[in-house]
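*Asks:* Can you keep this structure in mind? I'll have questions shortly.
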Amino acid sequence: MIQKLTNINIDDYENSLLLLNEYIVQHPADDSAYYLRGNIYRKMNLFGDALNDYYKALELNPQSEAAIAIEILNEILEFRNTDLLNP
């Protein structure tokens with residue numbers, strides 16, 4: 001992971017997103033940045049954005065941790081959607 005990304009606090013969503021967006025513009029091939037931003041989106045319940053970033057990280061690096069994050073998030077979404085259908 002690039003040193004600059006270690007300063008990101010993923011619990012400070014707004015500032016972290018600003019830093020990551022700026023970083024990604026300058027380093028569009030860094031899969032770890034997309035993975036981190038996906039984690040922030042997931043914490044914000046922006047699941048579509050999270051999945052987009054996880055898939056981008058996986059595209060850039062097939063060994064990325066994003067593969068596991070995609071599986072977990074899909075399980076969460078399947079559970080939630082199924083739950084909504086049950087009265």
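We name chains A, B, ... following the order of the structure tokens; residues begin at 1 in each chain, and ligands are numbered from 1 as shown.
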Please provide as a list in words all residues within 9 Å of segment 43-55 of chain A, with the sequence filter that same-chain residues fewer than 6 positions apart are discarded (counting only C-alpha atoms).
*Replies:*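 Non-adjacent residues within range: Ile10, Asp11, Tyr13, Asp31, Ala33, Tyr34, Tyr35, Leu36, Arg37, Ser64, Glu65, Ala66, Ala67, Ala69, Ile70, Leu73, Asn74 and Leu77 of chain A.
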*Asks:* Quick one: of A:Asp30, A:Glu14, A:Glu78, A:Glu22, who's nearest to Leu58 of chain A, counting only C-alpha atoms?
*Replies:*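 Ranked by minimum distance to Leu58 of chain A, first place goes to A:Asp30.
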*Asks:* Hey, can you check how far atom CA of Ser32 of chain A sits from atom CA of Lys56 of chain A?
*Replies:*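 Here the two named atoms are 10.0 Å from each other.
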*Asks:* Could you work out how far atom CA of Pro62 of chain A lies from atom CA of His27 of chain A, giving the answer in Å with one decimal?
*Replies:*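 Separation between atom CA of His27 of chain A and atom CA of Pro62 of chain A: 17.8 Å.
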*Asks:* Just how far from atom CA of Ile76 of chain A is atom CA of Pro28 of chain A, in Å to one decimal?
*Replies:*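 Pair atom CA of Pro28 of chain A / atom CA of Ile76 of chain A returns 28.2 Å.
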*Asks:* Using only C-alpha atoms, pick whichever of A:Ile68, A:Phe79, A:Leu17, A:Glu59 has the shortest atom-to-atom distance to Tyr41 of chain A.
*Replies:*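 For Tyr41 of chain A, the nearest of the given residues is A:Leu17.
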